[in-house]
$ cat run02.txt   # compact mmCIF, N, CA, C and O atoms
# COMPACT_ATOMS: atom_id res chain seq x y z
N LEU A 1 -17.21 -4.47 -1.23
CA LEU A 1 -16.59 -4.53 -2.54
C LEU A 1 -16.54 -5.99 -2.97
O LEU A 1 -16.02 -6.84 -2.25
N ILE A 2 -17.12 -6.28 -4.13
CA ILE A 2 -17.23 -7.64 -4.64
C ILE A 2 -16.63 -7.70 -6.04
O ILE A 2 -16.85 -6.80 -6.85
N PHE A 3 -15.88 -8.78 -6.31
CA PHE A 3 -15.26 -8.99 -7.62
C PHE A 3 -15.81 -10.27 -8.24
O PHE A 3 -15.17 -11.31 -8.16
N PRO A 4 -16.98 -10.21 -8.89
CA PRO A 4 -17.51 -11.41 -9.54
C PRO A 4 -16.80 -11.67 -10.88
O PRO A 4 -16.04 -10.82 -11.36
N ALA A 5 -17.06 -12.81 -11.47
CA ALA A 5 -16.57 -13.08 -12.82
C ALA A 5 -17.12 -11.99 -13.74
O ALA A 5 -18.25 -11.51 -13.55
N THR A 6 -16.35 -11.59 -14.73
CA THR A 6 -16.74 -10.48 -15.60
C THR A 6 -18.12 -10.67 -16.20
O THR A 6 -18.90 -9.73 -16.30
N ILE A 7 -18.44 -11.88 -16.60
CA ILE A 7 -19.74 -12.15 -17.22
C ILE A 7 -20.90 -11.90 -16.24
O ILE A 7 -22.03 -11.68 -16.65
N GLN A 8 -20.61 -11.89 -14.94
CA GLN A 8 -21.64 -11.69 -13.91
C GLN A 8 -21.66 -10.27 -13.34
O GLN A 8 -22.44 -9.98 -12.44
N VAL A 9 -20.81 -9.39 -13.84
CA VAL A 9 -20.71 -8.04 -13.27
C VAL A 9 -22.04 -7.29 -13.32
O VAL A 9 -22.51 -6.74 -12.31
N ALA A 10 -22.68 -7.23 -14.48
CA ALA A 10 -23.92 -6.46 -14.62
C ALA A 10 -25.01 -7.00 -13.69
O ALA A 10 -25.69 -6.23 -13.00
N HIS A 11 -25.16 -8.32 -13.66
CA HIS A 11 -26.19 -8.91 -12.80
C HIS A 11 -25.89 -8.63 -11.32
O HIS A 11 -26.77 -8.25 -10.56
N THR A 12 -24.63 -8.81 -10.94
CA THR A 12 -24.24 -8.58 -9.55
C THR A 12 -24.48 -7.13 -9.16
O THR A 12 -25.04 -6.84 -8.09
N LYS A 13 -24.07 -6.23 -10.03
CA LYS A 13 -24.24 -4.80 -9.75
C LYS A 13 -25.71 -4.44 -9.58
O LYS A 13 -26.08 -3.69 -8.68
N SER A 14 -26.57 -4.99 -10.42
CA SER A 14 -28.00 -4.67 -10.34
C SER A 14 -28.68 -5.33 -9.14
O SER A 14 -29.70 -4.84 -8.66
N ALA A 15 -28.13 -6.42 -8.64
CA ALA A 15 -28.76 -7.14 -7.54
C ALA A 15 -28.35 -6.63 -6.16
O ALA A 15 -29.00 -6.96 -5.16
N LEU A 16 -27.30 -5.83 -6.11
CA LEU A 16 -26.78 -5.36 -4.82
C LEU A 16 -27.32 -3.98 -4.46
O LEU A 16 -27.65 -3.19 -5.34
N PRO A 17 -27.36 -3.68 -3.17
CA PRO A 17 -27.70 -2.31 -2.76
C PRO A 17 -26.66 -1.33 -3.30
O PRO A 17 -25.50 -1.70 -3.50
N SER A 18 -27.06 -0.10 -3.52
CA SER A 18 -26.17 0.88 -4.14
C SER A 18 -24.92 1.17 -3.30
O SER A 18 -23.91 1.62 -3.83
N LYS A 19 -24.97 0.90 -2.00
CA LYS A 19 -23.79 1.15 -1.16
C LYS A 19 -22.69 0.11 -1.38
O LYS A 19 -21.55 0.32 -1.00
N MET A 20 -23.03 -1.00 -2.02
CA MET A 20 -22.04 -2.04 -2.34
C MET A 20 -21.40 -1.73 -3.68
O MET A 20 -22.08 -1.33 -4.61
N GLN A 21 -20.09 -1.93 -3.77
CA GLN A 21 -19.39 -1.68 -5.03
C GLN A 21 -18.98 -3.00 -5.67
O GLN A 21 -18.73 -4.00 -4.98
N VAL A 22 -18.88 -2.97 -6.98
CA VAL A 22 -18.50 -4.13 -7.77
C VAL A 22 -17.29 -3.77 -8.61
O VAL A 22 -17.19 -2.65 -9.12
N GLY A 23 -16.37 -4.71 -8.75
CA GLY A 23 -15.21 -4.50 -9.60
C GLY A 23 -14.96 -5.73 -10.46
O GLY A 23 -15.67 -6.73 -10.34
N VAL A 24 -13.96 -5.64 -11.32
CA VAL A 24 -13.61 -6.78 -12.18
C VAL A 24 -12.40 -7.50 -11.61
O VAL A 24 -11.57 -6.91 -10.92
N GLN A 25 -12.28 -8.78 -11.93
CA GLN A 25 -11.22 -9.62 -11.39
C GLN A 25 -9.89 -9.47 -12.10
O GLN A 25 -8.88 -10.01 -11.64
N ASN A 26 -9.86 -8.79 -13.21
CA ASN A 26 -8.63 -8.66 -13.97
C ASN A 26 -8.80 -7.51 -14.95
O ASN A 26 -9.91 -7.14 -15.30
N CYS A 27 -7.69 -6.97 -15.42
CA CYS A 27 -7.74 -5.92 -16.41
C CYS A 27 -6.45 -5.97 -17.22
O CYS A 27 -5.37 -6.16 -16.67
N TYR A 28 -6.58 -5.83 -18.53
CA TYR A 28 -5.40 -5.87 -19.39
C TYR A 28 -4.80 -4.47 -19.52
O TYR A 28 -5.38 -3.48 -19.11
N ILE A 29 -3.64 -4.40 -20.12
CA ILE A 29 -2.89 -3.16 -20.23
C ILE A 29 -3.58 -2.13 -21.11
O ILE A 29 -3.55 -0.94 -20.84
N LYS A 30 -4.21 -2.58 -22.18
CA LYS A 30 -4.83 -1.65 -23.13
C LYS A 30 -6.01 -2.31 -23.81
O LYS A 30 -6.23 -3.50 -23.68
N GLY A 31 -6.76 -1.51 -24.56
CA GLY A 31 -7.89 -2.02 -25.30
C GLY A 31 -7.45 -2.54 -26.66
O GLY A 31 -6.27 -2.51 -27.00
N GLY A 32 -8.39 -3.02 -27.40
CA GLY A 32 -8.07 -3.52 -28.73
C GLY A 32 -8.43 -4.99 -28.86
O GLY A 32 -9.21 -5.52 -28.09
N ALA A 33 -7.83 -5.63 -29.83
CA ALA A 33 -8.14 -7.02 -30.15
C ALA A 33 -7.35 -7.98 -29.27
O ALA A 33 -6.41 -8.63 -29.70
N PHE A 34 -7.72 -8.04 -28.01
CA PHE A 34 -7.11 -8.97 -27.06
C PHE A 34 -8.23 -9.84 -26.52
O PHE A 34 -8.81 -9.56 -25.47
N THR A 35 -8.53 -10.90 -27.26
CA THR A 35 -9.68 -11.76 -26.99
C THR A 35 -9.73 -12.19 -25.53
O THR A 35 -8.75 -12.70 -24.98
N GLY A 36 -10.88 -11.97 -24.93
CA GLY A 36 -11.11 -12.40 -23.57
C GLY A 36 -10.61 -11.46 -22.50
O GLY A 36 -10.84 -11.68 -21.31
N GLU A 37 -9.92 -10.41 -22.88
CA GLU A 37 -9.38 -9.47 -21.90
C GLU A 37 -10.33 -8.28 -21.71
O GLU A 37 -11.10 -7.95 -22.60
N THR A 38 -10.23 -7.65 -20.56
CA THR A 38 -11.01 -6.47 -20.24
C THR A 38 -10.06 -5.30 -20.09
O THR A 38 -9.13 -5.35 -19.29
N SER A 39 -10.28 -4.26 -20.87
CA SER A 39 -9.41 -3.09 -20.84
C SER A 39 -9.88 -2.12 -19.77
O SER A 39 -11.04 -2.17 -19.32
N PRO A 40 -9.01 -1.19 -19.36
CA PRO A 40 -9.45 -0.15 -18.42
C PRO A 40 -10.66 0.62 -18.95
O PRO A 40 -11.56 0.96 -18.18
N GLU A 41 -10.68 0.89 -20.24
CA GLU A 41 -11.82 1.61 -20.83
C GLU A 41 -13.12 0.81 -20.68
O GLU A 41 -14.18 1.38 -20.42
N MET A 42 -13.04 -0.51 -20.85
CA MET A 42 -14.23 -1.35 -20.69
C MET A 42 -14.73 -1.31 -19.25
O MET A 42 -15.94 -1.29 -19.01
N VAL A 43 -13.80 -1.31 -18.31
CA VAL A 43 -14.18 -1.25 -16.90
C VAL A 43 -14.96 0.04 -16.65
O VAL A 43 -16.02 0.03 -16.01
N LYS A 44 -14.46 1.13 -17.16
CA LYS A 44 -15.14 2.42 -16.99
C LYS A 44 -16.49 2.43 -17.71
O LYS A 44 -17.46 2.97 -17.19
N ASP A 45 -16.55 1.81 -18.90
CA ASP A 45 -17.81 1.73 -19.64
C ASP A 45 -18.88 0.96 -18.86
O ASP A 45 -20.07 1.21 -19.03
N MET A 46 -18.46 0.02 -18.01
CA MET A 46 -19.39 -0.74 -17.19
C MET A 46 -19.82 0.04 -15.95
O MET A 46 -20.60 -0.43 -15.14
N GLY A 47 -19.27 1.25 -15.80
CA GLY A 47 -19.60 2.08 -14.65
C GLY A 47 -18.91 1.63 -13.37
O GLY A 47 -19.38 1.90 -12.27
N LEU A 48 -17.77 0.96 -13.51
CA LEU A 48 -17.05 0.44 -12.36
C LEU A 48 -15.81 1.28 -12.07
O LEU A 48 -15.30 1.98 -12.95
N GLU A 49 -15.34 1.19 -10.84
CA GLU A 49 -14.15 1.93 -10.42
C GLU A 49 -13.02 1.03 -9.96
O GLU A 49 -11.90 1.49 -9.80
N TRP A 50 -13.31 -0.26 -9.72
CA TRP A 50 -12.35 -1.15 -9.07
C TRP A 50 -11.90 -2.30 -9.96
O TRP A 50 -12.68 -2.87 -10.70
N VAL A 51 -10.61 -2.65 -9.79
CA VAL A 51 -10.00 -3.79 -10.48
C VAL A 51 -9.20 -4.59 -9.46
O VAL A 51 -8.51 -4.02 -8.62
N LEU A 52 -9.30 -5.90 -9.55
CA LEU A 52 -8.50 -6.81 -8.74
C LEU A 52 -7.35 -7.31 -9.60
O LEU A 52 -7.57 -7.80 -10.71
N LEU A 53 -6.13 -7.16 -9.12
CA LEU A 53 -4.95 -7.64 -9.85
C LEU A 53 -4.08 -8.50 -8.96
O LEU A 53 -4.06 -8.34 -7.74
N GLY A 54 -3.32 -9.40 -9.58
CA GLY A 54 -2.32 -10.18 -8.88
C GLY A 54 -2.82 -11.39 -8.12
O GLY A 54 -2.11 -11.95 -7.30
N HIS A 55 -4.04 -11.82 -8.42
CA HIS A 55 -4.57 -12.96 -7.68
C HIS A 55 -3.73 -14.21 -7.93
O HIS A 55 -3.16 -14.40 -9.00
N SER A 56 -3.64 -15.04 -6.94
CA SER A 56 -2.77 -16.22 -6.96
C SER A 56 -2.99 -17.10 -8.20
O SER A 56 -2.03 -17.57 -8.81
N GLU A 57 -4.25 -17.33 -8.57
CA GLU A 57 -4.51 -18.19 -9.73
C GLU A 57 -3.94 -17.59 -11.01
O GLU A 57 -3.45 -18.31 -11.87
N ARG A 58 -3.99 -16.29 -11.14
CA ARG A 58 -3.44 -15.65 -12.34
C ARG A 58 -1.91 -15.63 -12.30
O ARG A 58 -1.25 -15.71 -13.32
N ARG A 59 -1.35 -15.53 -11.13
CA ARG A 59 0.11 -15.55 -11.00
C ARG A 59 0.69 -16.95 -11.25
O ARG A 59 1.77 -17.08 -11.82
N HIS A 60 -0.03 -17.99 -10.80
CA HIS A 60 0.58 -19.32 -10.75
C HIS A 60 -0.13 -20.41 -11.54
O HIS A 60 0.46 -21.47 -11.75
N VAL A 61 -1.37 -20.19 -11.97
CA VAL A 61 -2.12 -21.28 -12.61
C VAL A 61 -2.56 -20.91 -14.02
O VAL A 61 -2.21 -21.58 -14.98
N VAL A 62 -3.33 -19.85 -14.14
CA VAL A 62 -4.00 -19.53 -15.40
C VAL A 62 -3.03 -18.97 -16.44
O VAL A 62 -2.90 -19.52 -17.53
N THR A 63 -2.37 -17.87 -16.12
CA THR A 63 -1.54 -17.20 -17.13
C THR A 63 -0.11 -16.97 -16.68
O THR A 63 0.68 -16.44 -17.45
N HIS A 64 0.23 -17.36 -15.48
CA HIS A 64 1.59 -17.19 -14.95
C HIS A 64 2.09 -15.76 -15.12
O HIS A 64 3.15 -15.51 -15.66
N GLU A 65 1.27 -14.82 -14.64
CA GLU A 65 1.60 -13.40 -14.76
C GLU A 65 2.86 -13.07 -13.97
O GLU A 65 3.01 -13.47 -12.82
N THR A 66 3.74 -12.33 -14.59
CA THR A 66 4.99 -11.91 -13.96
C THR A 66 4.80 -10.59 -13.21
O THR A 66 3.82 -9.87 -13.46
N GLU A 67 5.74 -10.27 -12.36
CA GLU A 67 5.70 -8.98 -11.67
C GLU A 67 5.78 -7.84 -12.67
O GLU A 67 5.14 -6.80 -12.50
N ASP A 68 6.54 -8.03 -13.74
CA ASP A 68 6.65 -7.00 -14.78
C ASP A 68 5.29 -6.74 -15.43
O ASP A 68 4.88 -5.59 -15.60
N LEU A 69 4.59 -7.79 -15.80
CA LEU A 69 3.26 -7.62 -16.41
C LEU A 69 2.29 -7.00 -15.41
O LEU A 69 1.52 -6.10 -15.77
N LEU A 70 2.33 -7.45 -14.16
CA LEU A 70 1.43 -6.89 -13.16
C LEU A 70 1.72 -5.40 -12.93
O LEU A 70 0.79 -4.62 -12.72
N ALA A 71 2.98 -5.01 -12.98
CA ALA A 71 3.32 -3.59 -12.85
C ALA A 71 2.71 -2.79 -13.99
O ALA A 71 2.18 -1.69 -13.78
N LYS A 72 2.77 -3.32 -15.20
CA LYS A 72 2.18 -2.64 -16.36
C LYS A 72 0.66 -2.56 -16.23
O LYS A 72 0.05 -1.54 -16.56
N LYS A 73 0.05 -3.64 -15.77
CA LYS A 73 -1.40 -3.64 -15.57
C LYS A 73 -1.80 -2.61 -14.52
O LYS A 73 -2.76 -1.86 -14.70
N LEU A 74 -1.07 -2.60 -13.41
CA LEU A 74 -1.36 -1.66 -12.34
C LEU A 74 -1.24 -0.22 -12.84
O LEU A 74 -2.10 0.62 -12.58
N ARG A 75 -0.20 0.07 -13.59
CA ARG A 75 -0.01 1.42 -14.14
C ARG A 75 -1.17 1.78 -15.06
O ARG A 75 -1.69 2.90 -15.01
N ALA A 76 -1.60 0.86 -15.93
CA ALA A 76 -2.71 1.12 -16.85
C ALA A 76 -4.00 1.40 -16.08
O ALA A 76 -4.76 2.31 -16.43
N VAL A 77 -4.25 0.63 -15.04
CA VAL A 77 -5.45 0.81 -14.21
C VAL A 77 -5.43 2.19 -13.54
O VAL A 77 -6.41 2.93 -13.59
N LEU A 78 -4.32 2.52 -12.91
CA LEU A 78 -4.22 3.80 -12.21
C LEU A 78 -4.25 4.98 -13.17
O LEU A 78 -4.89 6.00 -12.90
N ASP A 79 -3.57 4.84 -14.31
CA ASP A 79 -3.58 5.92 -15.32
C ASP A 79 -4.98 6.18 -15.87
O ASP A 79 -5.28 7.29 -16.29
N ALA A 80 -5.82 5.15 -15.85
CA ALA A 80 -7.20 5.29 -16.33
C ALA A 80 -8.11 5.90 -15.25
O ALA A 80 -9.30 6.09 -15.49
N GLY A 81 -7.55 6.15 -14.08
CA GLY A 81 -8.35 6.73 -13.00
C GLY A 81 -9.14 5.71 -12.22
O GLY A 81 -10.07 6.07 -11.48
N LEU A 82 -8.78 4.45 -12.36
CA LEU A 82 -9.47 3.38 -11.63
C LEU A 82 -8.74 3.09 -10.32
O LEU A 82 -7.60 3.50 -10.13
N LYS A 83 -9.40 2.35 -9.45
CA LYS A 83 -8.82 1.93 -8.17
C LYS A 83 -8.47 0.45 -8.27
O LYS A 83 -9.10 -0.29 -9.02
N CYS A 84 -7.48 0.03 -7.47
CA CYS A 84 -7.02 -1.35 -7.57
C CYS A 84 -6.89 -1.99 -6.20
O CYS A 84 -6.34 -1.39 -5.27
N THR A 85 -7.37 -3.22 -6.10
CA THR A 85 -7.04 -4.09 -4.99
C THR A 85 -5.96 -5.02 -5.54
O THR A 85 -6.21 -5.77 -6.49
N PHE A 86 -4.75 -4.92 -4.99
CA PHE A 86 -3.61 -5.67 -5.50
C PHE A 86 -3.29 -6.80 -4.52
O PHE A 86 -2.97 -6.55 -3.36
N CYS A 87 -3.40 -8.02 -4.99
CA CYS A 87 -3.20 -9.19 -4.15
C CYS A 87 -1.73 -9.54 -4.03
O CYS A 87 -0.99 -9.52 -5.02
N ILE A 88 -1.31 -9.86 -2.82
CA ILE A 88 0.04 -10.37 -2.60
C ILE A 88 -0.06 -11.58 -1.69
O ILE A 88 -1.05 -11.75 -0.97
N GLY A 89 0.95 -12.42 -1.74
CA GLY A 89 0.97 -13.59 -0.86
C GLY A 89 1.83 -14.70 -1.43
O GLY A 89 2.07 -14.75 -2.63
N GLU A 90 2.26 -15.56 -0.54
CA GLU A 90 3.15 -16.64 -0.92
C GLU A 90 2.39 -17.93 -1.16
O GLU A 90 1.28 -18.10 -0.70
N LEU A 91 3.03 -18.83 -1.89
CA LEU A 91 2.50 -20.18 -2.06
C LEU A 91 2.85 -21.00 -0.82
O LEU A 91 3.76 -20.64 -0.06
N LEU A 92 2.18 -22.11 -0.64
CA LEU A 92 2.47 -22.99 0.49
C LEU A 92 3.94 -23.42 0.46
O LEU A 92 4.61 -23.43 1.50
N GLU A 93 4.45 -23.72 -0.73
CA GLU A 93 5.85 -24.14 -0.84
C GLU A 93 6.80 -23.03 -0.36
O GLU A 93 7.83 -23.30 0.26
N ASP A 94 6.46 -21.78 -0.69
CA ASP A 94 7.27 -20.65 -0.23
C ASP A 94 7.24 -20.54 1.29
O ASP A 94 8.27 -20.30 1.93
N ARG A 95 6.07 -20.70 1.86
CA ARG A 95 5.92 -20.60 3.31
C ARG A 95 6.72 -21.71 4.00
O ARG A 95 7.44 -21.46 4.96
N GLU A 96 6.59 -22.92 3.47
CA GLU A 96 7.30 -24.05 4.07
C GLU A 96 8.82 -23.91 3.93
O GLU A 96 9.57 -24.45 4.74
N ALA A 97 9.27 -23.18 2.90
CA ALA A 97 10.70 -22.95 2.69
C ALA A 97 11.17 -21.65 3.37
O ALA A 97 12.29 -21.20 3.13
N ASN A 98 10.30 -21.08 4.22
CA ASN A 98 10.62 -19.82 4.92
C ASN A 98 10.98 -18.69 3.96
O ASN A 98 11.88 -17.90 4.24
N LYS A 99 10.25 -18.60 2.84
CA LYS A 99 10.51 -17.55 1.85
C LYS A 99 9.39 -16.51 1.79
O LYS A 99 9.33 -15.71 0.87
N THR A 100 8.52 -16.51 2.78
CA THR A 100 7.37 -15.60 2.76
C THR A 100 7.80 -14.15 2.61
O THR A 100 7.30 -13.44 1.73
N GLN A 101 8.71 -13.70 3.44
CA GLN A 101 9.12 -12.29 3.37
C GLN A 101 9.76 -11.95 2.03
O GLN A 101 9.50 -10.89 1.47
N GLU A 102 10.56 -12.83 1.51
CA GLU A 102 11.22 -12.61 0.21
C GLU A 102 10.18 -12.47 -0.91
O GLU A 102 10.25 -11.55 -1.73
N VAL A 103 9.21 -13.38 -0.92
CA VAL A 103 8.17 -13.37 -1.96
C VAL A 103 7.30 -12.13 -1.85
O VAL A 103 7.05 -11.43 -2.84
N VAL A 104 6.84 -11.82 -0.65
CA VAL A 104 5.96 -10.67 -0.44
C VAL A 104 6.71 -9.37 -0.72
O VAL A 104 6.15 -8.44 -1.31
N TYR A 105 7.97 -9.28 -0.33
CA TYR A 105 8.76 -8.09 -0.61
C TYR A 105 8.84 -7.85 -2.12
O TYR A 105 8.64 -6.73 -2.59
N LYS A 106 9.12 -8.90 -2.87
CA LYS A 106 9.21 -8.77 -4.33
C LYS A 106 7.88 -8.30 -4.91
O LYS A 106 7.84 -7.43 -5.78
N GLN A 107 6.78 -8.86 -4.43
CA GLN A 107 5.47 -8.46 -4.93
C GLN A 107 5.16 -7.01 -4.56
O GLN A 107 4.56 -6.28 -5.36
N MET A 108 5.56 -6.58 -3.39
CA MET A 108 5.31 -5.19 -2.97
C MET A 108 6.13 -4.21 -3.80
O MET A 108 5.73 -3.06 -3.97
N GLN A 109 7.27 -4.62 -4.33
CA GLN A 109 8.05 -3.75 -5.18
C GLN A 109 7.27 -3.40 -6.45
O GLN A 109 7.44 -2.31 -7.00
N THR A 110 6.43 -4.31 -6.89
CA THR A 110 5.58 -4.05 -8.06
C THR A 110 4.66 -2.87 -7.78
O THR A 110 4.48 -2.00 -8.61
N VAL A 111 4.09 -2.83 -6.59
CA VAL A 111 3.19 -1.75 -6.20
C VAL A 111 3.97 -0.45 -6.02
O VAL A 111 3.53 0.62 -6.43
N LYS A 112 5.12 -0.55 -5.42
CA LYS A 112 5.96 0.61 -5.13
C LYS A 112 6.39 1.33 -6.40
O LYS A 112 6.41 2.55 -6.46
N GLU A 113 6.76 0.57 -7.40
CA GLU A 113 7.27 1.14 -8.64
C GLU A 113 6.13 1.66 -9.47
O GLU A 113 6.17 2.52 -10.22
$ encode --input "run02.txt" --output "C-alpha cells"
Amino acid sequence: LIFPATIQVAHTKSALPSKMQVGVQNCYIKGGAFTGETSPEMVKDMGLEWVLLGHSERRHVVTHETEDLLAKKLRAVLDAGLKCTFCIGELLEDREANKTQEVVYKQMQTVKE
C-alpha cells in the first residue's frame, strides 16, 4: 500500500503491479468548491479504496488539523465506503515530557468515536 502525492496517484497506480494498492494522503469531509482538497467521491472516481489521515505534518505543520476535524474526515471516508490508514503518534517534545500515552490515547479516541 503506497500513498503518493495526489498529483502522482495515476502514474504510481499505472507503474505498479496490480497486487500493489495506491491511496491518497488526505481527504476532505465533502466535495464541492474546496480548492486543493480531495473529496471521498474523487478518491472513488480515481478507482482507489484507501485514504491516509492524521499524518504528523498535517496535524502540526501544514494545516494544524484538530482531533475534531480528523474525526469528521474519518467518518466521511468510512461513510463513503473507503478504507483508512489513520496515523497516530507523539511529537519529540511530547515524548521528552513523558506525554506519549496521553497524546496517543487522545488520538485513539478520534478513531473510537
$ residues_around --input "run02.txt" --residues "Ser39 (chain A)" --least-positions-apart "2" --cutoff "4.5 Å" --atoms "only N, CA, C and O atoms" --output "MDAnalysis selection string"
chainID A and resid 28 30 37 41:43
$ atom_distance --input "run02.txt" --atom1 "CA of Arg75 (chain A)" --atom2 "CA of Cys27 (chain A)"
10.9 Å
$ select_by_dssp --input "run02.txt" --residues "region 29-81 of chain A" --states "alpha helix (DSSP H)" --output "ChimeraX atom specification"
/A:40-45,56-57,67-79
$ closest_residue --input "run02.txt" --among "A:Val24, A:Val61, A:Ala76, A:Leu52" --to "Ile88 (chain A)" --atoms "only C-alpha atoms"
A:Leu52
$ atom_distance --input "run02.txt" --atom1 "CA of Leu70 (chain A)" --atom2 "atom C of Gly36 (chain A)"
15.9 Å
$ closest_residue --input "run02.txt" --among "A:Thr110, A:Gln8, A:Thr35, A:Ser14" --to "Leu74 (chain A)" --atoms "all atoms listed in the file"
A:Thr110
$ decode --input "run02.txt" --residues "region 41-60 of chain A" --atoms "N, CA, C and O atoms" --output "PDB file, in the first residue's frame"
ATOM      1  N   GLU A  41     -15.576  11.263  -2.849  1.00  0.00           N
ATOM      2  CA  GLU A  41     -16.063  10.918  -4.194  1.00  0.00           C
ATOM      3  C   GLU A  41     -14.929  10.939  -5.214  1.00  0.00           C
ATOM      4  O   GLU A  41     -14.871  10.098  -6.114  1.00  0.00           O
ATOM      5  N   MET A  42     -14.018  11.905  -5.095  1.00  0.00           N
ATOM      6  CA  MET A  42     -12.873  11.971  -6.009  1.00  0.00           C
ATOM      7  C   MET A  42     -11.974  10.754  -5.841  1.00  0.00           C
ATOM      8  O   MET A  42     -11.454  10.223  -6.824  1.00  0.00           O
ATOM      9  N   VAL A  43     -11.785  10.328  -4.601  1.00  0.00           N
ATOM     10  CA  VAL A  43     -10.963   9.147  -4.336  1.00  0.00           C
ATOM     11  C   VAL A  43     -11.569   7.944  -5.056  1.00  0.00           C
ATOM     12  O   VAL A  43     -10.864   7.185  -5.733  1.00  0.00           O
ATOM     13  N   LYS A  44     -12.863   7.785  -4.932  1.00  0.00           N
ATOM     14  CA  LYS A  44     -13.540   6.671  -5.596  1.00  0.00           C
ATOM     15  C   LYS A  44     -13.472   6.809  -7.116  1.00  0.00           C
ATOM     16  O   LYS A  44     -13.291   5.818  -7.824  1.00  0.00           O
ATOM     17  N   ASP A  45     -13.600   8.042  -7.622  1.00  0.00           N
ATOM     18  CA  ASP A  45     -13.502   8.281  -9.070  1.00  0.00           C
ATOM     19  C   ASP A  45     -12.132   7.881  -9.616  1.00  0.00           C
ATOM     20  O   ASP A  45     -12.012   7.513 -10.782  1.00  0.00           O
ATOM     21  N   MET A  46     -11.090   7.965  -8.780  1.00  0.00           N
ATOM     22  CA  MET A  46      -9.747   7.570  -9.187  1.00  0.00           C
ATOM     23  C   MET A  46      -9.560   6.057  -9.116  1.00  0.00           C
ATOM     24  O   MET A  46      -8.496   5.533  -9.423  1.00  0.00           O
ATOM     25  N   GLY A  47     -10.610   5.350  -8.672  1.00  0.00           N
ATOM     26  CA  GLY A  47     -10.529   3.899  -8.561  1.00  0.00           C
ATOM     27  C   GLY A  47      -9.739   3.443  -7.345  1.00  0.00           C
ATOM     28  O   GLY A  47      -9.206   2.340  -7.325  1.00  0.00           O
ATOM     29  N   LEU A  48      -9.676   4.282  -6.317  1.00  0.00           N
ATOM     30  CA  LEU A  48      -8.905   3.972  -5.120  1.00  0.00           C
ATOM     31  C   LEU A  48      -9.828   3.585  -3.972  1.00  0.00           C
ATOM     32  O   LEU A  48     -11.009   3.939  -3.958  1.00  0.00           O
ATOM     33  N   GLU A  49      -9.269   2.876  -3.011  1.00  0.00           N
ATOM     34  CA  GLU A  49     -10.026   2.446  -1.833  1.00  0.00           C
ATOM     35  C   GLU A  49      -9.461   2.995  -0.535  1.00  0.00           C
ATOM     36  O   GLU A  49     -10.113   2.908   0.501  1.00  0.00           O
ATOM     37  N   TRP A  50      -8.229   3.533  -0.563  1.00  0.00           N
ATOM     38  CA  TRP A  50      -7.520   3.874   0.663  1.00  0.00           C
ATOM     39  C   TRP A  50      -7.250   5.374   0.797  1.00  0.00           C
ATOM     40  O   TRP A  50      -6.935   6.046  -0.172  1.00  0.00           O
ATOM     41  N   VAL A  51      -7.322   5.831   2.062  1.00  0.00           N
ATOM     42  CA  VAL A  51      -7.002   7.219   2.418  1.00  0.00           C
ATOM     43  C   VAL A  51      -6.113   7.198   3.655  1.00  0.00           C
ATOM     44  O   VAL A  51      -6.346   6.426   4.584  1.00  0.00           O
ATOM     45  N   LEU A  52      -5.109   8.041   3.656  1.00  0.00           N
ATOM     46  CA  LEU A  52      -4.239   8.239   4.811  1.00  0.00           C
ATOM     47  C   LEU A  52      -4.698   9.504   5.527  1.00  0.00           C
ATOM     48  O   LEU A  52      -4.829  10.560   4.900  1.00  0.00           O
ATOM     49  N   LEU A  53      -4.967   9.410   6.810  1.00  0.00           N
ATOM     50  CA  LEU A  53      -5.388  10.575   7.594  1.00  0.00           C
ATOM     51  C   LEU A  53      -4.537  10.703   8.849  1.00  0.00           C
ATOM     52  O   LEU A  53      -4.028   9.716   9.370  1.00  0.00           O
ATOM     53  N   GLY A  54      -4.420  11.934   9.346  1.00  0.00           N
ATOM     54  CA  GLY A  54      -3.783  12.192  10.626  1.00  0.00           C
ATOM     55  C   GLY A  54      -2.274  12.239  10.616  1.00  0.00           C
ATOM     56  O   GLY A  54      -1.644  12.192  11.670  1.00  0.00           O
ATOM     57  N   HIS A  55      -1.679  12.377   9.443  1.00  0.00           N
ATOM     58  CA  HIS A  55      -0.222  12.396   9.391  1.00  0.00           C
ATOM     59  C   HIS A  55       0.330  13.591  10.164  1.00  0.00           C
ATOM     60  O   HIS A  55      -0.276  14.654  10.227  1.00  0.00           O
ATOM     61  N   SER A  56       1.474  13.404  10.754  1.00  0.00           N
ATOM     62  CA  SER A  56       2.084  14.403  11.635  1.00  0.00           C
ATOM     63  C   SER A  56       2.193  15.786  10.991  1.00  0.00           C
ATOM     64  O   SER A  56       1.914  16.797  11.635  1.00  0.00           O
ATOM     65  N   GLU A  57       2.603  15.846   9.728  1.00  0.00           N
ATOM     66  CA  GLU A  57       2.743  17.152   9.076  1.00  0.00           C
ATOM     67  C   GLU A  57       1.408  17.882   8.977  1.00  0.00           C
ATOM     68  O   GLU A  57       1.345  19.091   9.114  1.00  0.00           O
ATOM     69  N   ARG A  58       0.341  17.151   8.751  1.00  0.00           N
ATOM     70  CA  ARG A  58      -0.977  17.796   8.666  1.00  0.00           C
ATOM     71  C   ARG A  58      -1.485  18.187  10.049  1.00  0.00           C
ATOM     72  O   ARG A  58      -2.189  19.165  10.209  1.00  0.00           O
ATOM     73  N   ARG A  59      -1.133  17.423  11.047  1.00  0.00           N
ATOM     74  CA  ARG A  59      -1.540  17.756  12.421  1.00  0.00           C
ATOM     75  C   ARG A  59      -0.788  18.970  12.966  1.00  0.00           C
ATOM     76  O   ARG A  59      -1.353  19.777  13.702  1.00  0.00           O
ATOM     77  N   HIS A  60       0.507  19.081  12.619  1.00  0.00           N
ATOM     78  CA  HIS A  60       1.360  20.046  13.311  1.00  0.00           C
ATOM     79  C   HIS A  60       2.033  21.095  12.444  1.00  0.00           C
ATOM     80  O   HIS A  60       2.541  22.077  12.985  1.00  0.00           O
TER      81      HIS A  60
END
